[in-house]
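So this one's target_26.csv, CSV, C-alpha atoms and all ligand atoms:
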chain,number,residue,atom,x,y,z
A,1402,MET,CA,15.0,59.9,-55.1
A,1403,SER,CA,16.7,58.2,-58.0
A,1404,LYS,CA,16.0,55.5,-60.7
A,1405,VAL,CA,18.5,52.7,-61.2
A,1406,LYS,CA,19.1,52.0,-64.9
A,1407,ASN,CA,21.8,49.7,-66.2
A,1408,ASN,CA,23.4,50.1,-62.8
A,1409,ILE,CA,23.9,53.8,-63.4
A,1410,LYS,CA,21.9,56.0,-61.0
A,1411,LEU,CA,19.9,58.6,-62.8
A,1412,SER,CA,18.4,61.4,-60.8
A,1413,VAL,CA,14.7,62.1,-61.5
A,1414,PHE,CA,15.5,65.8,-60.9
A,1415,GLU,CA,17.0,68.3,-63.2
A,1416,VAL,CA,18.5,71.6,-62.0
A,1417,ARG,CA,18.6,74.4,-64.5
A,1418,ILE,CA,20.9,77.4,-63.8
A,1419,LYS,CA,20.7,80.7,-65.8
A,1420,GLU,CA,24.5,80.9,-66.3
A,1421,ASP,CA,24.6,84.6,-67.2
A,1422,ARG,CA,22.8,85.6,-64.0
A,1423,CYS,CA,25.2,83.6,-61.8
A,1424,LYS,CA,27.6,85.7,-59.8
A,1425,GLY,CA,29.8,82.7,-58.8
A,1426,CYS,CA,29.3,83.1,-55.1
A,1427,GLN,CA,29.6,79.3,-54.8
A,1428,MET,CA,27.0,78.9,-52.1
A,1429,CYS,CA,24.9,76.5,-54.0
A,1430,LEU,CA,28.0,74.3,-54.6
A,1431,PHE,CA,28.8,74.3,-50.9
A,1432,TYR,CA,25.4,73.6,-49.5
A,1433,CYS,CA,24.3,70.9,-52.0
A,1434,PRO,CA,24.2,67.7,-49.9
A,1435,GLY,CA,25.0,65.5,-52.9
A,1436,LYS,CA,27.8,67.7,-54.4
A,1437,CYS,CA,25.8,67.8,-57.7
A,1438,LEU,CA,27.0,71.3,-58.7
A,1439,GLU,CA,30.4,72.5,-60.0
A,1440,LEU,CA,32.0,75.6,-61.2
A,1441,SER,CA,32.4,75.9,-65.0
A,1442,SER,CA,35.8,76.3,-66.6
A,1443,LYS,CA,34.3,78.9,-69.0
A,1444,LEU,CA,33.4,82.5,-68.0
A,1445,ASN,CA,29.9,83.9,-68.4
A,1446,LYS,CA,28.9,87.3,-69.7
A,1447,LYS,CA,29.9,88.9,-66.4
A,1448,GLY,CA,33.3,87.3,-66.6
A,1449,VAL,CA,32.8,84.9,-63.7
A,1450,LYS,CA,33.0,81.1,-63.5
A,1451,PHE,CA,29.3,80.1,-63.1
A,1452,ALA,CA,27.7,77.2,-61.3
A,1453,GLN,CA,26.6,74.2,-63.4
A,1454,TYR,CA,24.8,71.0,-62.8
A,1455,LYS,CA,27.2,68.0,-63.1
A,1456,GLU,CA,26.4,65.5,-65.9
A,1457,LYS,CA,26.5,62.6,-63.4
A,1458,ASN,CA,24.8,63.4,-60.1
A,1459,ASN,CA,22.7,62.2,-57.3
A,1460,CYS,CA,20.3,65.1,-57.0
A,1461,ILE,CA,17.5,64.5,-54.5
A,1462,GLY,CA,15.6,67.7,-55.4
A,1463,CYS,CA,15.9,69.1,-51.9
A,1464,GLY,CA,15.9,72.7,-53.1
A,1465,PHE,CA,18.9,73.8,-50.9
A,1466,CYS,CA,20.7,75.3,-53.9
A,1467,TYR,CA,17.4,77.1,-54.9
A,1468,PHE,CA,16.9,78.6,-51.5
A,1469,ILE,CA,20.4,79.8,-50.9
A,1470,CYS,CA,21.0,81.4,-54.4
A,1471,PRO,CA,20.8,85.2,-54.0
A,1472,GLU,CA,20.3,85.6,-57.7
A,1473,GLY,CA,17.3,83.4,-58.1
A,1474,CYS,CA,18.9,81.8,-61.1
A,1475,ILE,CA,18.3,78.2,-60.1
A,1476,GLU,CA,15.1,76.2,-61.0
A,1477,ILE,CA,14.4,72.6,-60.2
A,1478,TYR,CA,12.4,70.2,-62.4
A,1479,GLN,CA,11.1,66.7,-61.8
A,1480,LYS,CA,11.0,64.2,-64.6
B,656,MET,CA,8.9,67.7,-66.8
B,657,LYS,CA,7.2,69.4,-64.0
B,658,VAL,CA,8.6,72.3,-62.1
B,659,LYS,CA,9.4,71.7,-58.5
B,660,PHE,CA,11.1,75.0,-57.5
B,661,SER,CA,10.8,78.1,-59.7
B,662,ARG,CA,11.3,81.8,-59.6
B,663,PRO,CA,8.3,83.5,-57.8
B,664,LYS,CA,5.8,85.4,-60.0
B,665,SER,CA,6.1,88.4,-57.6
B,666,LEU,CA,9.7,88.8,-58.7
B,667,ASN,CA,10.5,90.5,-62.0
B,668,ASP,CA,12.8,88.6,-64.3
B,669,ILE,CA,15.7,91.0,-64.1
B,670,GLU,CA,19.2,90.9,-62.7
B,671,THR,CA,19.9,92.5,-59.3
B,672,HIS,CA,22.7,95.0,-58.5
B,673,TYR,CA,23.6,93.1,-55.3
B,674,CYS,CA,27.2,91.9,-54.7
B,675,ALA,CA,27.8,88.2,-55.0
B,676,GLY,CA,26.6,86.3,-52.0
B,677,CYS,CA,24.5,89.3,-50.6
B,678,GLY,CA,21.7,88.4,-48.2
B,679,HIS,CA,19.4,91.0,-49.8
B,680,GLY,CA,19.2,88.8,-52.9
B,681,ILE,CA,18.1,85.8,-50.8
B,682,LEU,CA,15.5,87.9,-48.8
B,683,ASN,CA,14.0,89.8,-51.8
B,684,ILE,CA,13.2,86.4,-53.2
B,685,LEU,CA,11.8,85.1,-49.9
B,686,VAL,CA,9.4,88.0,-49.6
B,687,ALA,CA,8.2,87.5,-53.2
B,688,LYS,CA,7.7,83.8,-52.5
B,689,VAL,CA,5.5,84.6,-49.4
B,690,VAL,CA,3.4,87.0,-51.5
B,691,ASP,CA,3.0,84.3,-54.2
B,692,GLU,CA,2.0,81.7,-51.6
B,693,LEU,CA,-0.5,83.8,-49.9
B,694,GLY,CA,-2.0,84.9,-53.2
B,695,ILE,CA,-1.8,88.6,-52.3
B,696,ARG,CA,0.2,90.1,-55.2
B,697,GLU,CA,-2.6,92.4,-56.2
B,698,LYS,CA,-3.1,93.8,-52.8
B,699,THR,CA,0.4,94.1,-51.5
B,700,ILE,CA,2.2,97.4,-51.1
B,701,GLY,CA,5.9,97.3,-50.1
B,702,VAL,CA,8.0,100.2,-48.7
B,703,ALA,CA,11.6,100.1,-49.8
B,704,PRO,CA,14.4,101.7,-47.7
B,705,VAL,CA,17.5,103.7,-48.4
B,706,GLY,CA,20.4,101.3,-48.2
B,707,CYS,CA,21.5,98.6,-50.5
B,708,ALA,CA,17.9,97.4,-50.9
B,709,VAL,CA,16.9,100.9,-52.3
B,710,LEU,CA,16.2,99.4,-55.7
B,711,ALA,CA,14.0,96.5,-54.4
B,712,TYR,CA,11.0,98.2,-56.1
B,713,LYS,CA,12.5,97.2,-59.4
B,714,TYR,CA,12.8,93.6,-58.4
B,715,TRP,CA,9.4,93.0,-56.9
B,716,ASN,CA,6.4,92.6,-59.2
B,717,PHE,CA,3.9,94.4,-57.0
B,718,ASP,CA,3.4,98.0,-55.8
B,719,VAL,CA,6.3,99.5,-53.9
B,720,SER,CA,6.8,102.9,-52.5
B,721,GLU,CA,10.2,104.4,-51.8
B,722,ALA,CA,10.8,106.1,-48.4
B,723,ALA,CA,13.4,108.6,-47.3
B,724,HIS,CA,16.2,107.1,-45.2
B,725,GLY,CA,14.7,105.5,-42.0
B,726,ARG,CA,11.1,106.7,-42.7
B,727,ALA,CA,9.7,103.4,-44.2
B,728,LEU,CA,7.5,102.7,-41.2
B,729,ALA,CA,6.1,106.3,-41.1
B,730,VAL,CA,5.3,106.0,-44.9
B,731,ALA,CA,3.8,102.5,-44.3
B,732,THR,CA,1.7,103.8,-41.5
B,733,GLY,CA,0.1,106.4,-43.9
B,734,ILE,CA,-0.4,103.8,-46.6
B,735,LYS,CA,-2.0,101.2,-44.3
B,736,ARG,CA,-4.3,103.8,-42.6
B,737,CYS,CA,-5.5,105.0,-46.0
B,738,HIS,CA,-5.8,101.5,-47.4
B,739,PRO,CA,-6.6,99.1,-44.5
B,740,ASP,CA,-7.6,96.4,-47.0
B,741,LYS,CA,-4.0,96.3,-48.5
B,742,VAL,CA,-1.2,94.2,-47.1
B,743,VAL,CA,1.6,96.7,-46.3
B,744,PHE,CA,5.2,95.8,-45.4
B,745,THR,CA,8.5,97.5,-45.0
B,746,TYR,CA,11.9,96.1,-45.9
B,747,GLN,CA,14.7,97.9,-44.1
B,748,GLY,CA,18.4,97.6,-43.3
B,749,ASP,CA,19.9,98.1,-39.8
B,750,GLY,CA,21.2,101.6,-40.5
B,751,ASP,CA,17.7,102.6,-41.9
B,752,LEU,CA,15.6,100.9,-39.2
B,753,ALA,CA,17.8,101.1,-36.1
B,754,SER,CA,19.9,104.3,-36.6
B,755,ILE,CA,18.4,107.2,-38.5
B,756,GLY,CA,14.9,105.7,-38.4
B,757,MET,CA,14.9,104.6,-34.8
B,758,ALA,CA,12.2,107.0,-33.7
B,759,GLU,CA,9.8,106.1,-36.6
B,760,THR,CA,10.4,102.4,-35.9
B,761,VAL,CA,9.8,102.5,-32.2
B,762,HIS,CA,6.7,104.7,-32.5
B,763,ALA,CA,5.1,102.6,-35.3
B,764,ALA,CA,5.7,99.5,-33.3
B,765,ASN,CA,4.4,101.2,-30.1
B,766,ARG,CA,1.2,102.3,-31.9
B,767,GLY,CA,0.7,98.7,-32.9
B,768,GLU,CA,0.3,99.6,-36.6
B,769,ASN,CA,-1.0,96.6,-38.4
B,770,ILE,CA,2.1,96.3,-40.6
B,771,THR,CA,4.8,93.7,-41.3
B,772,CYS,CA,8.4,94.7,-41.0
B,773,VAL,CA,11.3,92.7,-42.5
B,774,PHE,CA,14.5,93.9,-40.9
B,775,VAL,CA,17.8,93.0,-42.6
B,776,ASN,CA,20.6,93.1,-40.0
B,777,ASN,CA,24.0,93.0,-41.7
B,778,ALA,CA,25.8,94.7,-38.8
B,779,CYS,CA,26.9,97.7,-40.9
B,780,TYR,CA,26.0,100.4,-43.4
B,781,GLY,CA,26.5,98.3,-46.5
B,782,MET,CA,25.6,100.8,-49.1
B,783,THR,CA,27.9,103.6,-48.0
B,784,GLY,CA,30.9,101.3,-47.6
B,785,GLY,CA,30.6,99.4,-44.4
B,786,GLN,CA,30.5,102.0,-41.5
B,787,MET,CA,29.5,101.0,-38.0
B,788,ALA,CA,25.8,100.6,-37.4
B,789,PRO,CA,24.0,100.4,-34.1
B,790,THR,CA,24.0,96.6,-34.7
B,791,THR,CA,27.8,96.3,-35.3
B,792,ILE,CA,29.0,93.6,-32.8
B,793,VAL,CA,31.5,94.3,-30.1
B,794,GLY,CA,35.0,94.0,-31.5
B,795,GLN,CA,33.8,94.0,-35.1
B,796,LYS,CA,36.1,96.0,-37.4
B,797,THR,CA,34.4,98.4,-39.8
B,798,ILE,CA,35.8,101.4,-41.6
B,799,THR,CA,34.7,103.7,-38.8
B,800,THR,CA,35.8,101.3,-36.0
B,801,PRO,CA,39.2,100.2,-37.4
B,802,LEU,CA,40.2,98.7,-34.0
B,803,GLY,CA,36.9,96.9,-33.6
B,804,ARG,CA,33.8,98.4,-31.9
B,805,GLU,CA,34.6,99.4,-28.3
B,806,PRO,CA,31.5,99.9,-26.2
B,807,GLU,CA,33.3,101.5,-23.4
B,808,SER,CA,35.0,104.1,-25.5
B,809,GLY,CA,31.7,105.7,-26.4
B,810,GLU,CA,30.6,103.5,-29.2
B,811,GLY,CA,27.9,101.7,-27.3
B,812,TRP,CA,26.7,98.1,-27.5
B,813,PRO,CA,24.9,96.4,-30.4
B,814,ILE,CA,21.2,97.2,-30.3
B,815,ARG,CA,18.9,94.1,-30.2
B,816,MET,CA,15.9,95.3,-32.1
B,817,ALA,CA,13.9,92.1,-31.8
B,818,GLU,CA,14.2,92.1,-28.0
B,819,LEU,CA,13.7,95.9,-27.7
B,820,LEU,CA,10.5,96.0,-29.8
B,821,SER,CA,9.1,92.8,-28.1
B,822,GLY,CA,8.7,94.9,-24.9
B,823,LEU,CA,6.1,97.1,-26.6
B,824,LYS,CA,2.4,96.3,-26.3
B,825,GLY,CA,1.5,97.0,-29.9
B,826,VAL,CA,4.0,94.3,-31.1
B,827,CYS,CA,2.3,90.9,-31.6
B,828,PHE,CA,5.3,89.0,-33.2
B,829,SER,CA,9.0,89.5,-32.8
B,830,VAL,CA,11.5,87.0,-34.1
B,831,ARG,CA,15.2,86.8,-35.1
B,832,ALA,CA,16.1,84.6,-38.0
B,833,ALA,CA,19.2,84.1,-40.1
B,834,VAL,CA,20.1,83.0,-43.6
B,835,PHE,CA,23.4,81.3,-43.0
B,836,ASN,CA,22.4,77.9,-44.6
B,837,PRO,CA,19.4,76.6,-46.6
B,838,GLN,CA,17.6,75.2,-43.6
B,839,LYS,CA,17.7,78.7,-41.9
B,840,VAL,CA,16.6,80.3,-45.2
B,841,MET,CA,13.5,78.0,-45.2
B,842,GLN,CA,12.8,78.8,-41.5
B,843,THR,CA,13.1,82.5,-42.3
B,844,TYR,CA,10.5,82.0,-45.0
B,845,GLN,CA,8.1,80.5,-42.5
B,846,TYR,CA,8.6,83.5,-40.1
B,847,ILE,CA,8.0,86.1,-42.9
B,848,LYS,CA,4.9,84.2,-43.9
B,849,LYS,CA,3.6,84.2,-40.3
B,850,ALA,CA,4.3,87.9,-40.1
B,851,PHE,CA,2.2,88.6,-43.2
B,852,ILE,CA,-0.6,86.3,-41.9
B,853,ASN,CA,-0.6,88.2,-38.6
B,854,GLN,CA,-1.4,91.4,-40.5
B,855,ILE,CA,-4.1,89.8,-42.6
B,856,GLU,CA,-5.7,88.6,-39.4
B,857,GLY,CA,-5.4,92.2,-37.9
B,858,ARG,CA,-3.1,91.3,-35.0
B,859,GLY,CA,-0.8,94.3,-35.1
B,860,PHE,CA,2.9,95.0,-35.6
B,861,SER,CA,5.1,92.1,-36.7
B,862,LEU,CA,8.9,92.2,-36.8
B,863,VAL,CA,11.2,89.6,-38.5
B,864,GLU,CA,14.8,90.5,-37.9
B,865,VAL,CA,17.2,88.5,-40.2
B,866,LEU,CA,20.9,88.2,-39.7
B,867,SER,CA,22.2,88.6,-43.3
B,868,PRO,CA,25.6,88.5,-45.0
B,869,CYS,CA,27.3,91.6,-46.5
B,870,PRO,CA,30.5,90.0,-47.9
B,871,ALA,CA,31.6,93.3,-49.6
B,872,ALA,CA,31.7,95.4,-46.4
B,873,TRP,CA,32.8,92.6,-44.2
B,874,ARG,CA,35.8,91.9,-46.5
B,875,LYS,CA,34.9,88.3,-46.5
B,876,THR,CA,34.0,85.7,-49.2
B,877,PRO,CA,30.3,84.7,-49.3
B,878,LEU,CA,31.0,81.4,-47.5
B,879,GLU,CA,33.2,83.1,-44.9
B,880,SER,CA,30.4,85.5,-44.3
B,881,MET,CA,27.9,82.7,-43.7
B,882,LYS,CA,30.3,81.1,-41.2
B,883,TRP,CA,30.8,84.4,-39.4
B,884,ILE,CA,27.0,84.8,-38.9
B,885,LYS,CA,26.8,81.2,-37.6
B,886,GLU,CA,29.8,81.4,-35.3
B,887,GLU,CA,30.1,85.0,-34.2
B,888,MET,CA,27.0,87.1,-35.0
B,889,VAL,CA,24.5,84.8,-33.3
B,890,LYS,CA,26.4,85.2,-30.0
B,891,SER,CA,25.3,88.9,-29.9
B,892,PHE,CA,22.0,88.2,-31.6
B,893,PRO,CA,20.4,85.0,-30.4
B,894,LEU,CA,18.0,83.4,-32.9
B,895,GLY,CA,14.4,82.4,-32.2
B,896,VAL,CA,10.9,83.6,-31.4
B,897,ILE,CA,11.1,86.4,-28.8
B,898,LYS,CA,7.3,87.2,-28.8
B,899,SER,CA,4.3,85.6,-30.4
B,900,GLY,CA,0.8,86.0,-29.3
C,1501,LIG,C1,19.1,111.4,-44.8
C,1501,LIG,C2,20.2,110.5,-45.3
C,1501,LIG,N1,21.3,110.4,-44.5
C,1501,LIG,C3,22.3,109.6,-44.9
C,1501,LIG,C4,22.3,108.9,-46.1
C,1501,LIG,C5,23.4,108.1,-46.6
C,1501,LIG,N2,23.1,106.7,-46.5
C,1501,LIG,C6,22.7,106.0,-47.5
C,1501,LIG,S1,22.5,104.3,-47.2
C,1501,LIG,C7,23.0,104.6,-45.6
C,1501,LIG,C8,23.1,103.4,-44.6
C,1501,LIG,C9,22.5,102.2,-45.1
C,1501,LIG,O1,22.7,101.1,-44.2
C,1501,LIG,P1,21.6,100.0,-43.9
C,1501,LIG,O2,20.3,100.7,-43.7
C,1501,LIG,O3,22.1,99.1,-42.9
C,1501,LIG,O4,21.5,99.3,-45.3
C,1501,LIG,P2,22.4,98.2,-46.0
C,1501,LIG,O5,23.0,98.9,-47.2
C,1501,LIG,O6,23.4,97.7,-45.0
C,1501,LIG,O7,21.5,97.1,-46.4
C,1501,LIG,C10,23.3,105.9,-45.3
C,1501,LIG,C11,23.8,106.4,-44.1
C,1501,LIG,C12,21.1,109.1,-46.9
C,1501,LIG,N3,20.9,108.5,-48.1
C,1501,LIG,N4,20.1,109.9,-46.5
C,1502,LIG,S1,18.2,70.2,-55.4
C,1502,LIG,FE1,19.5,69.6,-53.6
C,1502,LIG,S2,20.6,67.8,-54.3
C,1502,LIG,FE2,19.8,68.8,-56.1
C,1502,LIG,S3,21.5,70.1,-56.8
C,1502,LIG,FE3,20.2,71.4,-55.5
C,1502,LIG,S4,21.1,71.2,-53.5
C,1502,LIG,FE4,21.9,69.6,-54.7
C,1503,LIG,S1,24.2,80.4,-55.5
C,1503,LIG,FE1,23.4,81.3,-57.5
C,1503,LIG,S2,24.8,83.0,-57.9
C,1503,LIG,FE2,25.8,81.7,-56.4
C,1503,LIG,S3,27.1,80.3,-57.6
C,1503,LIG,FE3,25.2,79.3,-57.2
C,1503,LIG,S4,23.9,79.8,-59.0
C,1503,LIG,FE4,25.6,81.2,-59.0
C,1504,LIG,S1,27.4,96.1,-50.0
C,1504,LIG,FE1,26.7,94.4,-48.7
C,1504,LIG,S2,24.5,94.7,-48.4
C,1504,LIG,FE2,25.2,96.0,-50.1
C,1504,LIG,S3,24.9,94.7,-52.0
C,1504,LIG,FE3,27.0,94.4,-51.4
C,1504,LIG,S4,27.0,92.6,-50.0
C,1504,LIG,FE4,24.8,93.4,-50.2
C,1505,MG,MG,23.0,97.3,-43.0
Output the structure of this file as structure tokens.
Amino acid sequence: MSKVKNNIKLSVFEVRIKEDRCKGCQMCLFYCPGKCLELSSKLNKKGVKFAQYKEKNNCIGCGFCYFICPEGCIEIYQK
Amino acid sequence: MKVKFSRPKSLNDIETHYCAGCGHGILNILVAKVVDELGIREKTIGVAPVGCAVLAYKYWNFDVSEAAHGRALAVATGIKRCHPDKVVFTYQGDGDLASIGMAETVHAANRGENITCVFVNNACYGMTGGQMAPTTIVGQKTITTPLGREPESGEGWPIRMAELLSGLKGVCFSVRAAVFNPQKVMQTYQYIKKAFINQIEGRGFSLVEVLSPCPAAWRKTPLESMKWIKEEMVKSFPLGVIKSG
């Protein structure tokens, strides 16, 4: 589900990740059908590169990242 | 903005001690989600095992009792018989449930105790460093089977608990699930929910066996571990509903 605005696709979903809880297992990145997530270049408090939601993305709100995350650090919102 | 998927209320907002990519993390959350969805947080009593999930009582936001290694189903029997109105479940690893606790497991199931059992099969003793478990698959290398498990040299074959318990009359539901991708995680959620509903409806003993990654002891990355479950582990442990009725 996405809105088209000025020819740029804007997702109606927003994925929020608690970066300090992330252990960098990368499973959310791998299983996201739209490849909306990426690893940060920075390190979190644990010293791992954490998952983050890409600025431009095509998130469909499927919840795959939410269900696979062993840390429960992902939440999904709908605008 | 409205929330579509959020952290369950039956889960405390604290960090877990699990390794990156550990299946226990996924499954602790699924159990909490089921408790939320069924609205039974105030009447649920969990029994935590000895094994990597030993601290699950810290993560769940409902009553949890700890049990000595392998004795979760004996403890749960006592709790359920004293409090038949409560929803009682055990959460156990394969060393806990199928090795040291085999007798307690088989007899609780055989007595048809009205309990739900979530059985996390990661094919090894994760907590103590990855020794062979009864569920280690043929050829699997562990620190106590460095050449791979060899059934014919006295190490035996992997025990299929879901099939074994399905043969007992007291067991109303026996399934084997896995968490190697998000679709399978969602299916596992449905099985766990069904196993809780069975208890609420007084149907007897329900078992949900789940093939679950242990990247640390398997010496694999989280993604390699998921692939190994999907491509190798399921050959020894076929997925699906073995008994329901
Ligand atoms: C009576 C007793 N014997 C042995 C141990 C040592 N021990 C702790 S955890 C464990 C095995 C755990 O394996 P499993 O149940 O598969 O849990 P996992 O860590 O793999 O989730 C053993 C043998 C113990 N704590 N108590
Ligand atoms: S909700 Fe689905 S599409 Fe959106 S980031 Fe998560 S996995 Fe990707
Ligand atoms: S699945 Fe969770 S812990 Fe793993 S990288 Fe993604 S956000 Fe981090
Ligand atoms: S040793 Fe294995 S089962 Fe234990 S926390 Fe680490 S990954 Fe999970
Ligand atoms: Mg184990």
Check your understanding: Between A:Cys1423, A:Cys1460, A:Ile1469, A:Ile1418, which has the minimum distance to B:Met881 (counting only C-alpha atoms)?
Key ->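 Of A:Cys1423, A:Cys1460, A:Ile1469, A:Ile1418, the one nearest B:Met881 is A:Ile1469, counting only C-alpha atoms.
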Contacts from chain B to chain A, 12 Å maximum, only C-alpha atoms: show me the residue list as an mmCIF file with C-alpha atoms, in the coordinates of the input.
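Written out: iface28.cif:
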data_model
loop_
_atom_site.group_PDB
_atom_site.id
_atom_site.type_symbol
_atom_site.label_atom_id
_atom_site.label_comp_id
_atom_site.auth_asym_id
_atom_site.auth_seq_id
_atom_site.Cartn_x
_atom_site.Cartn_y
_atom_site.Cartn_z
ATOM 1 C CA MET B 656 8.900 67.700 -66.800
ATOM 2 C CA LYS B 657 7.200 69.400 -64.000
ATOM 3 C CA VAL B 658 8.600 72.300 -62.100
ATOM 4 C CA LYS B 659 9.400 71.700 -58.500
ATOM 5 C CA PHE B 660 11.100 75.000 -57.500
ATOM 6 C CA SER B 661 10.800 78.100 -59.700
ATOM 7 C CA ARG B 662 11.300 81.800 -59.600
ATOM 8 C CA PRO B 663 8.300 83.500 -57.800
ATOM 9 C CA LYS B 664 5.800 85.400 -60.000
ATOM 10 C CA LEU B 666 9.700 88.800 -58.700
ATOM 11 C CA ASN B 667 10.500 90.500 -62.000
ATOM 12 C CA ASP B 668 12.800 88.600 -64.300
ATOM 13 C CA ILE B 669 15.700 91.000 -64.100
ATOM 14 C CA GLU B 670 19.200 90.900 -62.700
ATOM 15 C CA THR B 671 19.900 92.500 -59.300
ATOM 16 C CA HIS B 672 22.700 95.000 -58.500
ATOM 17 C CA TYR B 673 23.600 93.100 -55.300
ATOM 18 C CA CYS B 674 27.200 91.900 -54.700
ATOM 19 C CA ALA B 675 27.800 88.200 -55.000
ATOM 20 C CA GLY B 676 26.600 86.300 -52.000
ATOM 21 C CA CYS B 677 24.500 89.300 -50.600
ATOM 22 C CA GLY B 678 21.700 88.400 -48.200
ATOM 23 C CA HIS B 679 19.400 91.000 -49.800
ATOM 24 C CA GLY B 680 19.200 88.800 -52.900
ATOM 25 C CA ILE B 681 18.100 85.800 -50.800
ATOM 26 C CA LEU B 682 15.500 87.900 -48.800
ATOM 27 C CA ASN B 683 14.000 89.800 -51.800
ATOM 28 C CA ILE B 684 13.200 86.400 -53.200
ATOM 29 C CA LEU B 685 11.800 85.100 -49.900
ATOM 30 C CA ALA B 687 8.200 87.500 -53.200
ATOM 31 C CA LYS B 688 7.700 83.800 -52.500
ATOM 32 C CA TYR B 714 12.800 93.600 -58.400
ATOM 33 C CA ALA B 833 19.200 84.100 -40.100
ATOM 34 C CA VAL B 834 20.100 83.000 -43.600
ATOM 35 C CA PHE B 835 23.400 81.300 -43.000
ATOM 36 C CA ASN B 836 22.400 77.900 -44.600
ATOM 37 C CA PRO B 837 19.400 76.600 -46.600
ATOM 38 C CA GLN B 838 17.600 75.200 -43.600
ATOM 39 C CA LYS B 839 17.700 78.700 -41.900
ATOM 40 C CA VAL B 840 16.600 80.300 -45.200
ATOM 41 C CA MET B 841 13.500 78.000 -45.200
ATOM 42 C CA GLN B 842 12.800 78.800 -41.500
ATOM 43 C CA THR B 843 13.100 82.500 -42.300
ATOM 44 C CA TYR B 844 10.500 82.000 -45.000
ATOM 45 C CA SER B 867 22.200 88.600 -43.300
ATOM 46 C CA PRO B 868 25.600 88.500 -45.000
ATOM 47 C CA CYS B 869 27.300 91.600 -46.500
ATOM 48 C CA PRO B 870 30.500 90.000 -47.900
ATOM 49 C CA ALA B 871 31.600 93.300 -49.600
ATOM 50 C CA LYS B 875 34.900 88.300 -46.500
ATOM 51 C CA THR B 876 34.000 85.700 -49.200
ATOM 52 C CA PRO B 877 30.300 84.700 -49.300
ATOM 53 C CA LEU B 878 31.000 81.400 -47.500
ATOM 54 C CA GLU B 879 33.200 83.100 -44.900
ATOM 55 C CA SER B 880 30.400 85.500 -44.300
ATOM 56 C CA MET B 881 27.900 82.700 -43.700
ATOM 57 C CA LYS B 882 30.300 81.100 -41.200
#
**Study point:** Separation of atom O1 of ligand LIG 1501 (chain C) from atom CA of B:Lys898, in Å and rounded to one decimal
**Key:**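 The value is 25.8 Å.
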Practice item. Do a neighbour search on A:Lys1455 at 9 Å with only C-alpha atoms, toss out local chain neighbours closer than 5 positions, and write the hits as a list of chain:residue names. Key: A:Lys1436, A:Cys1437, A:Leu1438, A:Glu1439
Check your understanding: When the cut-off is 7 Å and you count only C-alpha atoms and all ligand atoms, which residues lie near ligand LIG 1501 (chain C), shown as a ChimeraX atom specification?
Key -> /B:705-708,723-724,747-752,775-777,779-783,788
Review point. What is the distance, in Å and to one decimal place, between atom S4 of ligand LIG 1504 (chain C) and atom CA of B:Gln854?
Key: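 For atom S4 of ligand LIG 1504 (chain C) relative to atom CA of B:Gln854, the distance reads 30.0 Å.
Atom CA of A:Leu1430 lies 8.9 Å from atom CA of A:Gln1453.
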Check your understanding: Of the candidates A:Gly1435, A:Gly1448, A:Lys1443, A:Asn1458, which shows the shortest atom-to-atom distance to ligand LIG 1502 (chain C), using all atoms listed in the file?
Key ->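 Nearest to ligand LIG 1502 (chain C): A:Gly1435.
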Practice item. Name the closest residue to B:Ser899 among the candidates B:Asn853, B:Asn769, B:Thr797, B:Ser808; distances are taken between atoms, counting all atoms listed in the file. Key: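 Once distances to B:Ser899 are computed over all atoms listed in the file, the minimum belongs to B:Asn853.
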Exercise for review: Within 10 Å of (12.3, 80.6, -31.6) (coordinates as in the file), grab all the protein and nucleic acid residues, counting all atoms listed in the file, and write them out as a PyMOL selection string.
Suggested key: chain B and resi 829-832+846+893-899
Write the residues of the preceding selection, restricted to C-alpha atoms, as an mmCIF file, in the frame of the given file.
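Wrote it out as again04.cif, contents follow:
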data_model
loop_
_atom_site.group_PDB
_atom_site.id
_atom_site.type_symbol
_atom_site.label_atom_id
_atom_site.label_comp_id
_atom_site.auth_asym_id
_atom_site.auth_seq_id
_atom_site.Cartn_x
_atom_site.Cartn_y
_atom_site.Cartn_z
ATOM 1 C CA SER B 829 9.000 89.500 -32.800
ATOM 2 C CA VAL B 830 11.500 87.000 -34.100
ATOM 3 C CA ARG B 831 15.200 86.800 -35.100
ATOM 4 C CA ALA B 832 16.100 84.600 -38.000
ATOM 5 C CA TYR B 846 8.600 83.500 -40.100
ATOM 6 C CA PRO B 893 20.400 85.000 -30.400
ATOM 7 C CA LEU B 894 18.000 83.400 -32.900
ATOM 8 C CA GLY B 895 14.400 82.400 -32.200
ATOM 9 C CA VAL B 896 10.900 83.600 -31.400
ATOM 10 C CA ILE B 897 11.100 86.400 -28.800
ATOM 11 C CA LYS B 898 7.300 87.200 -28.800
ATOM 12 C CA SER B 899 4.300 85.600 -30.400
#
Review point. Using only C-alpha atoms, which residues sit within 8 Å of B:Val743 once same-chain residues fewer than 6 positions away are excluded, as a list in words?
Key: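 The contact residues come out as Thr699, Ile700, Gly701, Val702, Ala731, Ile734, Lys735, Ile770 and Thr771 of chain B.
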**Study point:** Among the residues B:Ile847, B:Ala722, B:Leu728, B:Ala778, the one that comes closest to ligand LIG 1504 (chain C) [using only C-alpha atoms and all ligand atoms]
**Key:** B:Ala778
